[in-house]
Amino acid sequence: MASSIQSQTDLANADLEQRLSQMNTQFFIPATASLHERRPRTLKHGDSFAVFDHSGDAISGPGSPEGLYYRDTRHLSHLFLTVNGQRPILLSSGLRDDNTMLTCDLANPDFIGADGRVEVEHDLIHLRRTRFLWKSAVYERITIRNFDKQTRQMTVGISFDADFRDLFEIRGTVRLRRGAMMEPEIQSDTVCLRYKGRDDQDRVTQIEFDPVPRQLTATDALFDITLSPAERCTIFMRIGCVAEQSDDDLPKRFLKSLREAMQGSRQALARGATIHSSNQLFNEVTRRAVADIAMLSTETEYGPYPYAGIPWFSTIFGRDALITAMQTLWLDPAISRGVLGYLAAHQATDFDPAADAEPGKILHEVRHGEMAELGEVPFRHYYGSIDSTPLFVMLAGVYLERTDDISFIAGIRDNLDAALNWIDVYGDRDGDGFVEYGRLTDAGLVNQGWKDSHDSIFHADGTIAQGPIALAEVQAYVFGAWNAAAAIFARLGEVDRASHYVERANHLRDTFDAAFFDEELGTYVLALDGRKRPCRVRSSNAGHVLFAGLARKDRAHAVVRSLMAPASFSGWGIRTVASTEARYNPMSYHNGSIWPHDNALIAAGFSRYGYRKEAATVFEGLFAAATYVDQMRLPELFCGFPRRRAQGPTFYPVACSPQAWSAAAPLLLIQASLGLNFDTDAQRVRLIEPTLPDFLDMLTLSNLSIGEAKIDIEFVNLAGNVVVKSSHGQDARVLILT
């Protein structure tokens, strides 16, 4: 009888689990707590990242993303510092410009004695928390100093916890069953918290202290401290996501790891060119952008790979990294090589409907958490993006143009062939010459372009489009891929094949124009649905058609005019869909919001077709938005409300920050303004009608690589005319084209 009841319970649980899985198919990120309101402090290294509040704490609770994460599992969900049982007063906190270290300055609150009177006034005890993340561990040094005129005794408490929740749980996915918390292991100076997942993996959080606490439990460490006037003391702490044994004491490991972290950051930042301008605010924006890309980039065996964003997307993404690589290619080609190498090595070779995988397809996303390992989410190795594959070929082409690294391109030749074959055989599902998407199982993403919300592809009346869907920008990426293939095969000496792809690209321009350009809208439609009906919606996707060069020259003016009309351009940037459209909502994720990377690509498209003034207007809008953002850091997106005088943009509550392709947006905008291109054979930097936005009187690019040479270029804005000065190295030259 008991076994029968248990069987019925198991069946009911399984049914509920299946229904919950179906409810969570699109893996929404619920806005139960605003990330912008929290304005968290973030650290990242490798496969770990950490999110803290301004005091350096991680406050657990519903909707809180704070804590320390390793490979999609939260290894620290709660961290709270107290002095005499009270939370210290926040004085200030900030990240170093290179993102390596978080410093929080705190002071004691009023301490009330037994008689109810103030026994110790506030701001007499100073606490400085110095923290960094290195090799899956947070290191912290807490320095406490007594500024009072008499000796003070206090108890410093550090409470902690680890819930070992999967990132998708924290994002809002409901789980019916979890693994088991194991008995903690407690020594005099170390606590190990353990969890055994349903995937049979043991996960551990090791917390070490120096000096030895007076009391240490599975949740708290207490230190009794006595400080004479002007005396100071230090507490060290290490929170590791992997158990470690070391003969060195913790203070020594702290300093050694800090040196390594700073050295690693310096090496990453020194790899590319440097940017300096006459505008100090813009200098801060670009410094933070370059530092964010360096922090988000994880070293793989193939080179640096930029993870998409913190907190929700700190992992391998195909589309995001490919676009980030294109945006940063002029500055640091090593990122493009790392991205191409990794994605080539993980290209799909077989059919796997659960992963939306087909031979030759390029990755969308990789996850390592318990839910991915168990198949509760499909993202362990997931291929459900329609654009990663053409973008892969497109990046290979522009990387070759930028670097002349033909040996590397030859090394991934088979991967390029497989990707091109995927476009023809699997991407074009019905043989009409356009690439369409449609998920292979009900568990996959419904929409598989960069606007992947469930309601982002729709008709003029607001009706959701039914697939397979052919997106406007995806056809543009295919056009870019075929032009890239032509250049690559010409370089490899395969003239006939190169000509074949030139012909295909030219043919696509004609067929695309006939199917996608809408005379009444004055722009390209958003998409074609499964019945080849146009989704007659004014959207930012049309700007990507300019970016890739697919638009006919005689269409460019109409497209630019549509994108810069008040319904689309808010003053801060171009909205994902115009305010005239049925599903417009400036607070939505994809239906009226403003994405910096989207705008940077569009501005590059404007520049490509000669619309430099409009590109500069977009540049100014995004720069102005960045000056209102904490740490001068452009977020993943912000709301599409109109710009108002003396007011900043309206922030989106759960936007990731930093986000790789947002961080890279100012860098692409610089390239677009300068018309910056490279002729590696002749070792020349080409500048096509260089311009500077009004907020820049001078811009200098230093240590810019061209082949084996390095070059410095200075741009001076004189009444709208740009004067170019260069310092040549090893025969590199600047060629200005007007």
# chains A, B, ... in the order shown; residues from 1 in each chain; ligands from 1
call {"tool": "residues_around", "arguments": {"residues": "stretch 248-253 of chain A", "least_positions_apart": "6", "cutoff": "10 Å", "atoms": "only C-alpha atoms", "output": "list of chain:residue names"}}
result
A:Tyr139, A:Glu140, A:Arg141, A:Glu208, A:Phe209, A:Asp210, A:Pro211, A:Thr234, A:Ile235, A:Phe236, A:Met237, A:Arg238, A:Arg259
call {"tool": "residues_around", "arguments": {"residues": "stretch 524-529 of chain A", "least_positions_apart": "4", "cutoff": "7 Å", "atoms": "only C-alpha atoms", "output": "list in words"}}
result
Ala465, Gln466, Gly467, Pro468, Ile469, Ala470, Leu471, Ala472, Phe516, Phe517, Asp518, Arg533, Pro534, Cys535, Arg536, Val537, Arg538, Ser539, Asn541 and Ala542 of chain A
call {"tool": "closest_atom_pairs", "arguments": {"of": "stretch 229-329 of chain A", "to": "stretch 606-625 of chain A", "cutoff": "12 Å", "atoms": "only C-alpha atoms", "output": "JSON lines"}}
result
{"residue": "A:Asn279", "atom": "CA", "partner": "A:Phe623", "partner_atom": "CA", "distance": 11.1}
{"residue": "A:Leu281", "atom": "CA", "partner": "A:Phe623", "partner_atom": "CA", "distance": 9.0}
{"residue": "A:Phe282", "atom": "CA", "partner": "A:Phe623", "partner_atom": "CA", "distance": 7.3}
{"residue": "A:Asn283", "atom": "CA", "partner": "A:Phe623", "partner_atom": "CA", "distance": 10.8}
{"residue": "A:Glu284", "atom": "CA", "partner": "A:Phe623", "partner_atom": "CA", "distance": 10.8}
{"residue": "A:Val285", "atom": "CA", "partner": "A:Phe623", "partner_atom": "CA", "distance": 7.9}
{"residue": "A:Thr286", "atom": "CA", "partner": "A:Phe623", "partner_atom": "CA", "distance": 9.9}
{"residue": "A:Ala289", "atom": "CA", "partner": "A:Phe623", "partner_atom": "CA", "distance": 11.8}
call {"tool": "write_last_selection", "arguments": {"atoms": "all heavy atoms", "output": "short mmCIF file (atom, residue, chain, number, x, y, z; two decimals), in the first residue's frame"}}
result
data_model
loop_
_atom_site.label_atom_id
_atom_site.label_comp_id
_atom_site.auth_asym_id
_atom_site.auth_seq_id
_atom_site.Cartn_x
_atom_site.Cartn_y
_atom_site.Cartn_z
N ASN A 279 37.67 65.01 -23.88
CA ASN A 279 36.50 64.99 -23.01
C ASN A 279 36.73 63.98 -21.89
O ASN A 279 36.78 62.77 -22.13
CB ASN A 279 35.26 64.62 -23.84
CG ASN A 279 33.97 64.78 -23.07
OD1 ASN A 279 33.87 64.40 -21.90
ND2 ASN A 279 32.94 65.32 -23.72
N LEU A 281 34.84 63.00 -19.43
CA LEU A 281 33.73 62.06 -19.22
C LEU A 281 33.79 60.94 -20.25
O LEU A 281 33.57 59.77 -19.92
CB LEU A 281 32.39 62.79 -19.31
CG LEU A 281 32.03 63.71 -18.14
CD1 LEU A 281 30.69 64.40 -18.41
CD2 LEU A 281 31.95 62.93 -16.83
N PHE A 282 34.09 61.29 -21.50
CA PHE A 282 34.21 60.25 -22.52
C PHE A 282 35.39 59.33 -22.22
O PHE A 282 35.31 58.12 -22.46
CB PHE A 282 34.35 60.87 -23.90
CG PHE A 282 34.33 59.85 -25.01
CD1 PHE A 282 33.16 59.18 -25.32
CD2 PHE A 282 35.48 59.56 -25.74
CE1 PHE A 282 33.14 58.22 -26.34
CE2 PHE A 282 35.46 58.63 -26.75
CZ PHE A 282 34.28 57.95 -27.06
N ASN A 283 36.47 59.87 -21.68
CA ASN A 283 37.60 59.03 -21.29
C ASN A 283 37.18 58.01 -20.24
O ASN A 283 37.60 56.85 -20.28
CB ASN A 283 38.74 59.89 -20.75
CG ASN A 283 39.38 60.74 -21.83
OD1 ASN A 283 39.27 60.43 -23.01
ND2 ASN A 283 40.05 61.81 -21.43
N GLU A 284 36.34 58.43 -19.30
CA GLU A 284 35.86 57.50 -18.28
C GLU A 284 34.97 56.42 -18.89
O GLU A 284 35.04 55.25 -18.52
CB GLU A 284 35.10 58.27 -17.19
CG GLU A 284 35.98 59.15 -16.33
CD GLU A 284 35.19 59.78 -15.19
OE1 GLU A 284 34.34 59.09 -14.60
OE2 GLU A 284 35.43 60.97 -14.90
N VAL A 285 34.12 56.81 -19.85
CA VAL A 285 33.25 55.85 -20.52
C VAL A 285 34.08 54.80 -21.25
O VAL A 285 33.83 53.60 -21.15
CB VAL A 285 32.29 56.56 -21.49
CG1 VAL A 285 31.57 55.55 -22.38
CG2 VAL A 285 31.27 57.40 -20.72
N THR A 286 35.08 55.24 -22.01
CA THR A 286 35.88 54.27 -22.77
C THR A 286 36.78 53.43 -21.87
O THR A 286 36.98 52.24 -22.14
CB THR A 286 36.73 54.99 -23.83
OG1 THR A 286 37.54 56.00 -23.21
CG2 THR A 286 35.84 55.62 -24.89
N ALA A 289 34.56 50.84 -20.48
CA ALA A 289 34.18 49.90 -21.53
C ALA A 289 35.28 48.87 -21.77
O ALA A 289 35.04 47.66 -21.83
CB ALA A 289 33.87 50.65 -22.83
#
call {"tool": "select_by_dssp", "arguments": {"residues": "stretch 342-488 of chain A", "states": "alpha helix (DSSP H)", "output": "ChimeraX atom specification"}}
result
/A:342-345,370-374,388-403,406-411,413-422,472-488
call {"tool": "atom_distance", "arguments": {"atom1": "atom CA of A:Arg39", "atom2": "atom CA of A:Thr274"}}
result
27.8 Å
call {"tool": "residues_around", "arguments": {"residues": "A:Cys656", "least_positions_apart": "4", "cutoff": "12 Å", "atoms": "only C-alpha atoms", "output": "ChimeraX atom specification"}}
result
/A:29,34-36,39-42,51,65,307-314,589,595,633-638,651-652,660-663
call {"tool": "residues_around", "arguments": {"residues": "stretch 503-511 of chain A", "least_positions_apart": "6", "cutoff": "6 Å", "atoms": "only C-alpha atoms", "output": "ChimeraX atom specification"}}
result
/A:479,482,550
call {"tool": "write_last_selection", "arguments": {"atoms": "N, CA and C atoms", "output": "compact mmCIF listing (two decimals), in the first residue's frame"}}
result
# COMPACT_ATOMS: atom_id res chain seq x y z
N PHE A 479 24.13 37.65 -46.08
CA PHE A 479 24.79 38.44 -47.11
C PHE A 479 26.24 38.71 -46.70
N TRP A 482 28.31 35.51 -47.02
CA TRP A 482 28.69 35.14 -48.38
C TRP A 482 29.78 36.06 -48.92
N LEU A 550 23.64 45.00 -47.01
CA LEU A 550 22.67 44.35 -47.88
C LEU A 550 21.74 45.35 -48.56
call {"tool": "residues_around", "arguments": {"residues": "A:Gly605", "least_positions_apart": "5", "cutoff": "7 Å", "atoms": "only C-alpha atoms", "output": "list in words"}}
result
Gly543, His544, Leu546 and Phe547 of chain A
call {"tool": "write_last_selection", "arguments": {"atoms": "all heavy atoms", "output": "PDB file, in the first residue's frame"}}
result
ATOM      1  N   GLY A 543      18.182  48.580 -39.411  1.00  0.00           N
ATOM      2  CA  GLY A 543      19.513  49.175 -39.323  1.00  0.00           C
ATOM      3  C   GLY A 543      20.621  48.166 -39.502  1.00  0.00           C
ATOM      4  O   GLY A 543      21.720  48.495 -39.980  1.00  0.00           O
ATOM      5  N   HIS A 544      20.370  46.902 -39.126  1.00  0.00           N
ATOM      6  CA  HIS A 544      21.370  45.852 -39.306  1.00  0.00           C
ATOM      7  C   HIS A 544      21.551  45.525 -40.785  1.00  0.00           C
ATOM      8  O   HIS A 544      22.608  45.039 -41.192  1.00  0.00           O
ATOM      9  CB  HIS A 544      20.965  44.604 -38.537  1.00  0.00           C
ATOM     10  CG  HIS A 544      20.954  44.787 -37.053  1.00  0.00           C
ATOM     11  ND1 HIS A 544      21.542  43.894 -36.182  1.00  0.00           N
ATOM     12  CD2 HIS A 544      20.422  45.763 -36.270  1.00  0.00           C
ATOM     13  CE1 HIS A 544      21.368  44.307 -34.941  1.00  0.00           C
ATOM     14  NE2 HIS A 544      20.686  45.447 -34.976  1.00  0.00           N
ATOM     15  N   LEU A 546      21.656  47.784 -43.060  1.00  0.00           N
ATOM     16  CA  LEU A 546      22.680  48.751 -43.449  1.00  0.00           C
ATOM     17  C   LEU A 546      24.047  48.317 -42.947  1.00  0.00           C
ATOM     18  O   LEU A 546      25.050  48.436 -43.659  1.00  0.00           O
ATOM     19  CB  LEU A 546      22.333  50.132 -42.894  1.00  0.00           C
ATOM     20  CG  LEU A 546      21.010  50.772 -43.325  1.00  0.00           C
ATOM     21  CD1 LEU A 546      20.819  52.104 -42.609  1.00  0.00           C
ATOM     22  CD2 LEU A 546      20.951  50.958 -44.826  1.00  0.00           C
ATOM     23  N   PHE A 547      24.117  47.835 -41.715  1.00  0.00           N
ATOM     24  CA  PHE A 547      25.391  47.421 -41.122  1.00  0.00           C
ATOM     25  C   PHE A 547      26.101  46.382 -41.978  1.00  0.00           C
ATOM     26  O   PHE A 547      27.314  46.462 -42.211  1.00  0.00           O
ATOM     27  CB  PHE A 547      25.147  46.875 -39.711  1.00  0.00           C
ATOM     28  CG  PHE A 547      26.328  46.162 -39.114  1.00  0.00           C
ATOM     29  CD1 PHE A 547      27.451  46.870 -38.714  1.00  0.00           C
ATOM     30  CD2 PHE A 547      26.315  44.778 -38.943  1.00  0.00           C
ATOM     31  CE1 PHE A 547      28.546  46.217 -38.168  1.00  0.00           C
ATOM     32  CE2 PHE A 547      27.397  44.128 -38.397  1.00  0.00           C
ATOM     33  CZ  PHE A 547      28.517  44.843 -38.009  1.00  0.00           C
TER      34      PHE A 547
END
call {"tool": "atom_distance", "arguments": {"atom1": "atom CA of A:Leu718", "atom2": "atom CA of A:Ala665"}}
result
25.3 Å
call {"tool": "closest_atom_pairs", "arguments": {"of": "stretch 335-391 of chain A", "to": "stretch 175-195 of chain A", "cutoff": "10 Å", "atoms": "only C-alpha atoms", "output": "CSV"}}
result
residue,atom,partner,partner_atom,distance
A:Glu370,CA,A:Gly179,CA,9.1
A:Met371,CA,A:Arg175,CA,9.0
A:Glu376,CA,A:Arg175,CA,8.7
call {"tool": "write_last_selection", "arguments": {"atoms": "C-alpha atoms", "output": "mmCIF file, in the first residue's frame"}}
result
data_model
loop_
_atom_site.group_PDB
_atom_site.id
_atom_site.type_symbol
_atom_site.label_atom_id
_atom_site.label_comp_id
_atom_site.auth_asym_id
_atom_site.auth_seq_id
_atom_site.Cartn_x
_atom_site.Cartn_y
_atom_site.Cartn_z
ATOM 1 C CA GLU A 370 22.682 21.320 -12.132
ATOM 2 C CA MET A 371 19.541 22.130 -14.108
ATOM 3 C CA GLU A 376 15.650 20.768 -16.835
#
call {"tool": "closest_residue", "arguments": {"among": "A:Asp455, A:Glu66, A:Asp404, A:Asp57", "to": "A:Cys104", "atoms": "only C-alpha atoms"}}
result
A:Asp57
call {"tool": "residues_around", "arguments": {"residues": "A:Ser92", "least_positions_apart": "5", "cutoff": "8 Å", "atoms": "only C-alpha atoms", "output": "PyMOL selection string"}}
result
chain A and resi 54-55+104-106
call {"tool": "residues_around", "arguments": {"residues": "A:Asp166", "least_positions_apart": "2", "cutoff": "8 Å", "atoms": "only C-alpha atoms", "output": "JSON list (two decimals) with N, CA, C and O atoms, in the first residue's frame"}}
result
[["chain", "number", "residue", "atom", "x", "y", "z"],
["A", 72, "ASP", "N", 27.44, 28.63, -12.96],
["A", 72, "ASP", "CA", 25.97, 28.70, -12.92],
["A", 72, "ASP", "C", 25.35, 28.22, -11.61],
["A", 72, "ASP", "O", 24.14, 27.96, -11.57],
["A", 73, "THR", "N", 26.13, 28.11, -10.57],
["A", 73, "THR", "CA", 25.60, 27.75, -9.25],
["A", 73, "THR", "C", 26.03, 28.82, -8.25],
["A", 73, "THR", "O", 27.18, 29.27, -8.26],
["A", 74, "ARG", "N", 25.11, 29.24, -7.38],
["A", 74, "ARG", "CA", 25.43, 30.23, -6.37],
["A", 74, "ARG", "C", 26.07, 29.54, -5.17],
["A", 74, "ARG", "O", 25.42, 28.79, -4.45],
["A", 164, "PHE", "N", 23.40, 27.15, -2.85],
["A", 164, "PHE", "CA", 23.74, 26.29, -4.00],
["A", 164, "PHE", "C", 22.60, 26.22, -5.01],
["A", 164, "PHE", "O", 22.36, 25.18, -5.61],
["A", 168, "PHE", "N", 19.23, 29.47, -12.92],
["A", 168, "PHE", "CA", 17.89, 29.56, -13.50],
["A", 168, "PHE", "C", 16.82, 29.57, -12.41],
["A", 168, "PHE", "O", 15.74, 30.14, -12.61],
["A", 169, "GLU", "N", 17.09, 28.98, -11.26],
["A", 169, "GLU", "CA", 16.17, 29.12, -10.13],
["A", 169, "GLU", "C", 16.11, 30.58, -9.68],
["A", 169, "GLU", "O", 15.04, 31.13, -9.42],
["A", 170, "ILE", "N", 17.28, 31.20, -9.59],
["A", 170, "ILE", "CA", 17.34, 32.58, -9.14],
["A", 170, "ILE", "C", 16.68, 33.50, -10.16],
["A", 170, "ILE", "O", 16.06, 34.51, -9.80],
["A", 369, "GLY", "N", 25.37, 24.35, -14.91],
["A", 369, "GLY", "CA", 24.69, 24.15, -13.65],
["A", 369, "GLY", "C", 23.94, 22.83, -13.57],
["A", 369, "GLY", "O", 23.81, 22.09, -14.56],
["A", 370, "GLU", "N", 23.41, 22.56, -12.39],
["A", 370, "GLU", "CA", 22.68, 21.32, -12.13],
["A", 370, "GLU", "C", 21.48, 21.16, -13.06],
["A", 370, "GLU", "O", 21.24, 20.07, -13.59],
["A", 371, "MET", "N", 20.74, 22.24, -13.28],
["A", 371, "MET", "CA", 19.54, 22.13, -14.11],
["A", 371, "MET", "C", 19.89, 21.83, -15.57],
["A", 371, "MET", "O", 19.19, 21.08, -16.24]]
